[in-house]
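One structure below.
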Amino acid sequence: MAVLFAQSTLFSRASFSLLRCNGFTRLSFSSFSSSAAVYSPPLPKTKKHCQPVVSALELGGVKISRDDVVRDDPTNNVPDTIFSKLGMQLHRRDKHPIGILKNAIYDYFDSNYTNKFEKFDDLCPIVSTKQNFDDVLVPADHVSRSYNDTYYVHAQTVLRCHTSAHQAELLRKGHTHFLVTGDVYRRDSIDSTHYPVFHQMEGFRVFSPEDWNVSGTDATAYVADDLKKCLEGLARHLFGAVEMRWVDTYFPFTNPSFELEIYFKEEWLEVLGCGVTEQEILKRNGKLNNVAWAFGLGLERLAMVLFDIPDIRLFWSSDERFTSQFAKGELGVKFKPFSKYPPCYKDMSFWINESFTENNLCEVVRGIAGDLVEEVKLIDNFTNKKGMTSHCYRIAYRSMERSLTDEEINGLQWNVREQVQSKLNVVLR
Ligand code: DAH
C-alpha cells in the first residue's frame, strides 16, 4: 500500500475511515459502501474557549462575519481556530510554497492546452451540504457527512471538505475546462502531516462526441486514456522522470476511478485521485451528451515532498526564517530547517465514553495549544473487566519557532486536562 500522508483523498475506499498507525501510514478499516454516518455531537463551546479573532472578512466577494460562522448552538462545530484560517488564502500567495505549486500546475495546463483551462481560486469555502455532498453523489449515510469529520456552520451549510464541491455549479454555468484551487476543511487528528485546513486543486474537462468519434474507441475508454496521459505529464512536470503507477479505486463521483502513485524515496506515494465523471453529474448539469474527466490533488502533500517541508504546520508560519526561503516561480527549492527545538511529551489517561472520538480530543487540544501541538498519539488502549475502556494519549508539544518553557507547557497541559474532562465528559485517571 502506498504511503498516505498530508491528507489523502477523503472519498476513496482505500483512504476512508482512517486509523493512525504512525505519523506517515494510515490504514483503511471500512469500505466506502458499507460505511454509515457516525453522529457525534459537536463540542460544546464556552466563551472561555474563544480566542480573539478578526470579526469579519471578505471571501470571493462575500462579506463574512465571525458570528455567521462560529455560533454557540448544536448545529455548529466551527471553533475560532478554524474561523481564523478562513481568509488566509495561502494558495494565492506567489511566494508561498502552496502558491508556487499552484502556479507550476497552472503553467503545465497553460502550455499543454493553450490557456484553455479556466482558473478559479477565490470561490467561497462556505458551501451548502448540497454542493459539498449531494451534487457529487456522496451517499446520504456516508461517514464524511458526520459532525465528527466535517465542520458544520448550520445543518445545511459546511466548510467545504473538498474542491469537488464546485464541480456542479461550474458545469451549470457552462464551463468545460477548469481548475479550482482552494482551502478545504476537515476535522482530523494531529500529526506532522495532518492539519484541519489544507489546500486542494480540482481539475475538470468536458469532452464532446466529435472528440472521441474520430478515435474509434468508446467514449469512456477515450476519456480515461486522455486523463491518464494528462496527469502523467503533470507528475513529470513537477517531479521529473519518476516511476508511476495507477491504482483502481472508488469515488462516488467517478467511474472508473483511479489513484496515481509515484515512487519517491523508496515508497509509493499517492498523489491524486481522479476518474471519468459519473454520467449522472453531467446529466443533472446540462451536459447530457458529453463525457468528462476530473481529478483532485492535495497541494500540501505535494509541496511537502517537492520542497522538503517536514511539518505541515510550517505552511502557516509567518516566521521570516520560513517565508524568506521561497521565491515566486521557484518550484522545488529545498527547505533548510532553521531550528530543531526539542519536543516535550505529556501523557494523559482517561476512561472514555461512547461519544468519545479522537477528532473531538484533537479539537480541544488545538483550541488550547494551537500550532504548539505537534502530535496527539494513542499509546495505550485497554478495556477492563467491567467493560470500561481507557485511552492513554501522548501529546507532543513543540514550537517550530522557539523553545518552550516548562512553565508554559505545564500551563497548557493543565488546561488540556481540565477541558478534556469538562468538554468530552471523560474521567481522568
Ligand atoms: N474530492 C476527492 C477527495 O477530496 C478527490 C477527488 C477524487 C477529486 C477524484 C476528483 C476526482 O475530482 O475525480 O478525496
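Residue numbering restarts at 1 for every chain of the C-alpha cells, chains are lettered A, B, ... in their displayed order, and ligands are numbered from 1 as they appear.
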Residues near A:Tyr263, anyone? I mean within 7 Å using only C-alpha atoms, not counting same-chain ones fewer than 5 positions away, as a PDB file with N, CA, C and O atoms, in the first residue's frame.
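So the final result, stored in part.pdb, reads:
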```
ATOM      1  N   VAL A 242       9.938  10.377 -12.853  1.00  0.00           N
ATOM      2  CA  VAL A 242       9.653   9.460 -11.732  1.00  0.00           C
ATOM      3  C   VAL A 242       8.939   8.208 -12.227  1.00  0.00           C
ATOM      4  O   VAL A 242       8.302   8.212 -13.277  1.00  0.00           O
ATOM      5  N   GLU A 243       9.049   7.160 -11.422  1.00  0.00           N
ATOM      6  CA  GLU A 243       8.277   5.949 -11.696  1.00  0.00           C
ATOM      7  C   GLU A 243       6.855   6.174 -11.185  1.00  0.00           C
ATOM      8  O   GLU A 243       6.662   6.748 -10.111  1.00  0.00           O
ATOM      9  N   MET A 244       5.870   5.732 -11.969  1.00  0.00           N
ATOM     10  CA  MET A 244       4.470   5.966 -11.563  1.00  0.00           C
ATOM     11  C   MET A 244       3.671   4.685 -11.720  1.00  0.00           C
ATOM     12  O   MET A 244       4.037   3.814 -12.498  1.00  0.00           O
ATOM     13  N   TRP A 268       5.929   4.126  -2.353  1.00  0.00           N
ATOM     14  CA  TRP A 268       4.882   4.548  -3.288  1.00  0.00           C
ATOM     15  C   TRP A 268       4.037   5.605  -2.600  1.00  0.00           C
ATOM     16  O   TRP A 268       3.512   5.369  -1.510  1.00  0.00           O
ATOM     17  N   LEU A 269       3.922   6.749  -3.222  1.00  0.00           N
ATOM     18  CA  LEU A 269       3.233   7.881  -2.624  1.00  0.00           C
ATOM     19  C   LEU A 269       2.002   8.220  -3.458  1.00  0.00           C
ATOM     20  O   LEU A 269       2.107   8.437  -4.659  1.00  0.00           O
TER      21      LEU A 269
END
```
Can you check which parts of chain A lie within 6 Å of ligand 1? Per residue, the shortest pair of atoms and distance in Å to one decimal, counting only C-alpha atoms and all ligand atoms, sorted by chain and number, as CSV.
```
residue,atom,partner,partner_atom_place_in_ligand_line,distance
A:Thr9,CA,ligand 1,14 (O),3.1
A:Leu10,CA,ligand 1,14 (O),3.4
A:Phe11,CA,ligand 1,14 (O),4.3
A:His162,CA,ligand 1,4 (O),4.6
A:Ser164,CA,ligand 1,1 (N),5.0
A:Glu202,CA,ligand 1,12 (O),5.6
A:Thr254,CA,ligand 1,13 (O),5.6
A:Gly273,CA,ligand 1,7 (C),3.9
A:Cys274,CA,ligand 1,13 (O),3.5
A:Gly275,CA,ligand 1,13 (O),4.6
A:Ala294,CA,ligand 1,13 (O),4.1
A:Phe295,CA,ligand 1,12 (O),3.7
A:Gly296,CA,ligand 1,8 (C),3.5
```
DSSP-assigned strand (DSSP E or B) members of stretch 280-393 of chain A, reported as an MDAnalysis selection string: chainID A and resid 291:298 344:351 373:383 389:393
Residues within 12 Å of A:Gly411, only C-alpha atoms, excluding chain neighbours under 5 positions, as a ChimeraX atom specification: /A:346,368-369,397,404-406,416-418
Shortest interatomic distance to A:Glu354 - which of A:Ile312, A:Leu123, A:Met388, A:Leu227, counting only C-alpha atoms: A:Met388
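Going from atom CA of A:Asp94 over to atom CA of A:Leu314, you cover 16.4 Å.
Interatomic distance, atom CA of A:Tyr345 to atom CA of A:Ser189: 16.7 Å.
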All residues 12 Å or closer to A:Asp311, only C-alpha atoms, same chain fewer than 2 positions away omitted, as a PyMOL selection string: chain A and resi 5-6+23-24+190-195+300-301+303-305+307-309+313-317+322+335+337+340+371-375+398-400
Residue neighbourhood A:Asn132, 12 Å, only C-alpha atoms, exclusion window fewer than 2 positions, as a compact mmCIF listing (two decimals) with C-alpha atoms, in the first residue's frame:
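Result went into around_4.txt, see below:
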```txt
# COMPACT_ATOMS: atom_id res chain seq x y z
CA PHE A 11 -13.64 9.74 -0.57
CA PRO A 125 -15.21 27.90 1.12
CA ILE A 126 -18.59 28.10 2.86
CA VAL A 127 -20.88 25.89 0.80
CA SER A 128 -24.16 24.02 1.17
CA THR A 129 -24.33 20.33 2.03
CA LYS A 130 -25.93 20.01 -1.41
CA ASP A 134 -25.34 15.73 -2.92
CA ASP A 135 -24.15 17.36 -6.14
CA VAL A 136 -21.23 14.93 -6.31
CA LEU A 137 -23.37 11.92 -5.38
CA VAL A 138 -21.96 11.29 -1.89
CA PRO A 139 -24.43 8.83 -0.33
CA ALA A 140 -26.75 10.05 2.43
CA SER A 144 -17.82 12.18 5.57
CA ARG A 145 -21.17 13.86 6.32
CA THR A 150 -16.81 17.90 8.70
CA TYR A 151 -17.16 21.45 10.01
CA TYR A 152 -20.81 22.48 10.01
CA GLN A 156 -27.18 22.60 5.73
CA THR A 157 -24.01 24.65 5.47
CA VAL A 158 -20.43 23.41 5.79
CA LEU A 159 -16.86 24.48 5.26
CA ARG A 160 -16.13 22.58 2.03
CA CYS A 161 -14.18 19.41 2.69
CA HIS A 162 -13.07 19.15 -0.95
CA THR A 163 -12.88 21.33 -4.02
CA SER A 164 -15.17 18.86 -5.82
CA ALA A 165 -17.95 20.88 -4.14
CA HIS A 166 -17.73 23.35 -7.05
CA GLN A 167 -17.95 20.92 -9.99
CA ALA A 168 -21.71 21.10 -10.48
CA GLU A 169 -22.14 24.87 -10.26
CA VAL A 184 -10.59 22.80 2.40
CA TYR A 185 -11.53 21.86 5.95
CA PHE A 253 -18.34 10.95 -8.37
```
Shortest interatomic distance to A:Leu424 - which of A:Thr357, A:Thr249, A:Ser65, A:Gln279, counting only C-alpha atoms: A:Thr357
Shortest interatomic distance to A:Arg429 - which of A:Thr277, A:Ser349, A:Asn381, A:Ser12, counting only C-alpha atoms: A:Ser349
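When only C-alpha atoms are used to compute distances to A:Asp149, the closest of the residues A:Asn285, A:Gln421, A:Thr323, A:Asn77 turns out to be A:Asn77.
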Contact residues around stretch 55-59 of chain A with only C-alpha atoms at 7 Å, ignoring same-chain residues under 4 positions, as a PyMOL selection string: chain A and resi 63-66+87+122+124
Alpha helix (DSSP H) residues, from DSSP on the backbone, in stretch 114-167 of chain A, as a ChimeraX atom specification: /A:129-132,167
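Each of A:Leu179, A:Thr81, A:Leu231, A:Gly216 was compared to A:Val365 using only C-alpha atoms, and A:Thr81 turns out to be the nearest.
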Spatial neighbours of A:Trp246, 8 Å, only C-alpha atoms, chain gap at least 2 places, as a PyMOL selection string: chain A and resi 244+248+258-261
Could you please take those selected residues and save C-alpha atoms as a PDB file, in the first residue's frame?
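Wrote result-v6.pdb, looks like this:
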```pdb
ATOM      1  CA  MET A 244       4.470   5.966 -11.563  1.00  0.00           C
ATOM      2  CA  ASP A 248      -8.046   1.350  -9.332  1.00  0.00           C
ATOM      3  CA  PHE A 258      -8.048   5.833 -10.169  1.00  0.00           C
ATOM      4  CA  GLU A 259      -5.266   6.988  -7.914  1.00  0.00           C
ATOM      5  CA  LEU A 260      -1.879   7.951  -9.231  1.00  0.00           C
ATOM      6  CA  GLU A 261       1.133   6.938  -7.177  1.00  0.00           C
TER       7      GLU A 261
END
```
Between atom CA of A:Asp68 and atom CA of A:Val153, distance in Å (one decimal): 7.8 Å
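Take the candidates A:Pro74, A:Asn425, A:Val291, A:Lys334 and check each one against A:Asp226 using only C-alpha atoms; the shortest distance goes to A:Val291.
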